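Undergrad: Below you'll find the structure I mean.
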Amino acid sequence: MPDEMARRNYIFDTIREVFRNYAFEPVETPSIENLSTLMGKYGEEGDKLLFKVLNSGDFMRDVDFSQDYRKVAPQICERGLRYDLTVPFARFVVQHRDEIAFPFRRYQLQPVWRADRPQRGRYREFYQCDADMIGSDSLLNELELVQMMDEVFHRLDVDVTIKINNRKVLAGIAETIGAPERLVDITVAIDKLDKTGVDNVRAELRERGLSEAQVAALDPVFALEGDAGSKLDSLERLFDGVETGRRGVEELRTLFALIGAAEPRCTVELDLTLARGLNYYTGAIFEVKAKNVAIGSICGGGRYDNLTGIFGMPGVSGVGVSFGADRIYDVMTELGKFPEGLARSAQVLFINFGEAEQAYCVAAAAQLRAAGVATLVYPDAVKMKKQMDFANRKKIPYVVFVGEDEIAARSLTVKNMQTGAQQTLPLDQAIGSLAEMRC
């Protein structure tokens with residue numbers, strides 16, 4: 001509906017403007033990708049949520065459907081709807097490597113699809129608003145992503161917490177408890193901590209094959225308290241001799257020092273239980289949550305070092321963030337954060353008194369539109385009550401009357417629909433006044 005679209009576009013326009021202020025460039029990728037591009041990038045659970053597209057033609061003639069579905073699927077489906085914007089972007093970068101100046105900064109606002117069970121905060125089709133820098137290892141990129149998240153939610157007037165962790169720290173934890181090969185299992189389980197609680201996470205870790213001793217060894221991580229500095233000090237002691245974990249701690253120290261110097265307005269905290277379930281993250285990871293609405297993350301992202309290597313272009317690191325426009329919409333609706341008047345389609349309505357007045361109204365309306373005022377001439381010379389009712393229903397703030405007297409005097413009679421005040425002004429003065437009063 002128009003009012004919903006106006007609110008959605010307000011979110012899109014706000015995010016897009018921040019992206020442009022940070023010198024990101026727009027790109028788009030196709031809705032459908034080869035399954036070979038998508039499969040294996042999102043973990044086992046992500047692969048299950050991919051929408052697969054049936055091949056065209058007589059593709060089932062020679063298929064043995066008694067086989068396991070995992071063998072049947074590749075024979076009847078070669079393509080799928082994109083699951084996110086990051087993996088297609090990595091494919092895009094490799095495809096256009098000779099046309100791109102690195103480091104490359106791109107933004108992208110497009111829908112993605114997941115074969116999920118629809119519920120509040122989870123959708124089968126939803127918009128992501130992504131910004132990525134690729135071709136640079138600098139932690140200044142991570143800082144700028146934090147600054148952009150802070151700026152977007154400040155402009156939208158949503159109070160948020162930005163949570164930060166590092167996948168190298170999680171890898172170090174897995175190595176410390178003697179289960180480095182179980183990193184994916186550990187991150188998938190830990191990522192559900194805020195949704196299911198510690199006991200359920202422990203139970204899932206056992207189900208995934210970790211021993212009681214290994215599960216118990218994670219308890220100190222869950223129990224770490226204090227500010228980012230004290231948590232990192234504890235981790236540094238824990239990672240004695242664990243090089244991957246120590247590199248993660250060092251990166252987090254540097255990033256939090258940069259963030260402290262930048263003085264963001266929102267809360268930024270180190271969350272060592274933050275895992276982000278996507279397999280391609282290798283460094284810093286981010287997640288944003290609204291403080292006053294229980295809906296899960298409304299923004300997330302992280303560093304990925306090997307994604308373009310999958311498509312034949314190794315050694316190119318990237319980092320990005322994705323704003324979930326639909327969840328942000330839900331949060332702002334619940335909090336009543338959308339500005340008034342977003343859905344207003346017109347600022348000025350010309351009342352139509354008949355054929356003789358229409359030409360004058362059309363010319364005046366053209367001048368108002370040239371001045372940037374959204375203007376509508378009522379298309380039919382029906383009863384004035386019906387036209388005024390239309391203006392009220394559409395919440396049009398100014399109504400203009402043009403009769404024989406106004407045409408003769410080259411003037412307009414303007415009524416403020418909110419106050420009821422009405423005045424007749426020379427045409428040029430009326431045009432100027434309406435242009436100054438536009439929202």
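Every chain in the structure tokens has a letter given in the order shown (A, B, ...), and although residue numbers restart at 1 in each chain, ligands are simply numbered from 1 in the order shown.
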Running DSSP on the backbone, which parts of range 315-392 of chain A land in strand (DSSP E), as a list in words?
TA: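 Output for range 315-392 of chain A, strand (DSSP E) only: Gly318, Val319, Gly320, Val321, Ser322, Phe323, Gly324, Val348, Leu349, Phe350, Thr375, Leu376 and Val377 of chain A.
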Undergrad: Go ahead and save the picked residues with C-alpha atoms, as a CSV table (one decimal), in the first residue's frame.
TA:
chain,number,residue,atom,x,y,z
A,318,GLY,CA,36.4,-8.0,2.0
A,319,VAL,CA,34.2,-6.7,4.8
A,320,GLY,CA,30.6,-5.6,4.7
A,321,VAL,CA,27.4,-4.9,6.5
A,322,SER,CA,23.8,-5.7,5.7
A,323,PHE,CA,20.8,-3.7,7.0
A,324,GLY,CA,17.5,-5.8,7.2
A,348,VAL,CA,-1.5,21.2,-3.1
A,349,LEU,CA,-4.9,20.3,-4.7
A,350,PHE,CA,-6.6,22.5,-7.2
A,375,THR,CA,0.6,19.3,-7.0
A,376,LEU,CA,-2.7,17.7,-8.2
A,377,VAL,CA,-5.5,19.1,-10.2
Undergrad: I'd like the neighbourhood of His154 in chain A as a ChimeraX atom specification, where a residue qualifies if any of its atoms comes within 12 Å (using only C-alpha atoms), though same-chain residues fewer than 3 positions away should be ignored.
TA: /A:14-15,18,147-151,157-161,264-267,290,337
Undergrad: Would you list the contacts of Ile173 in chain A as a PyMOL selection string, taking every protein, DNA or RNA residue within 12 Å and counting only C-alpha atoms, but skipping same-chain residues closer than 6 positions in sequence?
TA: chain A and resi 166-167+179-183+186-187+190+214-215+217-222+235-246+248-249+272-273+275
Undergrad: Those same residues - C-alpha atoms - I'd like them written as a CSV table (one decimal), in the first residue's frame.
TA:
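Everything below was put into again_28.csv:
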chain,number,residue,atom,x,y,z
A,166,ASN,CA,35.9,-11.9,15.8
A,167,ARG,CA,35.7,-15.3,14.2
A,179,ALA,CA,37.9,-29.1,19.1
A,180,PRO,CA,39.3,-27.0,16.3
A,181,GLU,CA,37.5,-29.2,13.7
A,182,ARG,CA,34.2,-28.4,15.4
A,183,LEU,CA,34.4,-24.6,14.7
A,186,ILE,CA,30.4,-24.4,17.9
A,187,THR,CA,29.5,-21.2,16.1
A,190,ILE,CA,26.6,-20.3,20.1
A,214,GLN,CA,34.7,-29.7,25.9
A,215,VAL,CA,31.2,-28.2,26.6
A,217,ALA,CA,35.3,-25.7,28.9
A,218,LEU,CA,33.2,-23.1,27.2
A,219,ASP,CA,31.6,-22.0,30.5
A,220,PRO,CA,34.3,-19.4,31.3
A,221,VAL,CA,33.7,-17.8,27.9
A,222,PHE,CA,30.0,-17.5,28.6
A,235,LEU,CA,41.0,-14.0,26.5
A,236,GLU,CA,44.7,-13.2,25.9
A,237,ARG,CA,45.6,-15.2,29.0
A,238,LEU,CA,43.3,-18.0,27.8
A,239,PHE,CA,45.0,-18.1,24.4
A,240,ASP,CA,48.5,-18.6,25.6
A,241,GLY,CA,50.1,-20.4,22.7
A,242,VAL,CA,47.0,-20.2,20.5
A,243,GLU,CA,48.1,-18.0,17.6
A,244,THR,CA,44.7,-17.7,15.8
A,245,GLY,CA,42.9,-16.6,19.0
A,246,ARG,CA,45.7,-14.1,19.8
A,248,GLY,CA,41.6,-12.1,16.9
A,249,VAL,CA,42.2,-10.4,20.3
A,272,LEU,CA,32.1,-13.1,22.8
A,273,THR,CA,29.0,-15.3,22.2
A,275,ALA,CA,29.0,-16.0,16.1
Undergrad: Pick out the residues sitting within 12 Å of Leu274 in chain A, and hand them over as a PyMOL selection string; count only C-alpha atoms, and ignore anything fewer than 2 positions along from it in its own chain.
TA: chain A and resi 162-167+169-170+186-195+221-222+269-272+276-278+284-289+297+300-302
Undergrad: Grab the CA of Asn55 in chain A to CA of Cys77 in chain A distance for me, in Å with one decimal place.
TA: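 That distance, rounded to one decimal, is 5.3 Å.
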Undergrad: Which of these, A:Gly121, A:Gly178, A:Gly135, A:Gly309, has the shortest distance to Phe102 in chain A once you count only C-alpha atoms?
TA: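 For Phe102 in chain A, the nearest of the given residues is A:Gly135.
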Undergrad: Can you check which residues of range 299-401 of chain A DSSP gives as alpha helix (DSSP H) on the backbone and send them as a VMD selection string?
TA: chain A and resid 325 to 335 355 to 370 384 to 393
Undergrad: Nearest residue to Asp233 in chain A out of A:Glu204, A:Arg253, A:Glu125, A:Val316, using only C-alpha atoms?
TA: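 Of A:Glu204, A:Arg253, A:Glu125, A:Val316, the one nearest Asp233 in chain A, counting only C-alpha atoms, is A:Arg253.
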Undergrad: Can you list, as a ChimeraX atom specification, every protein, DNA or RNA residue that comes within 10 Å of Leu258 in chain A when you count only C-alpha atoms, leaving out same-chain residues fewer than 2 positions away?
TA: /A:139-140,142-144,252-256,260-263
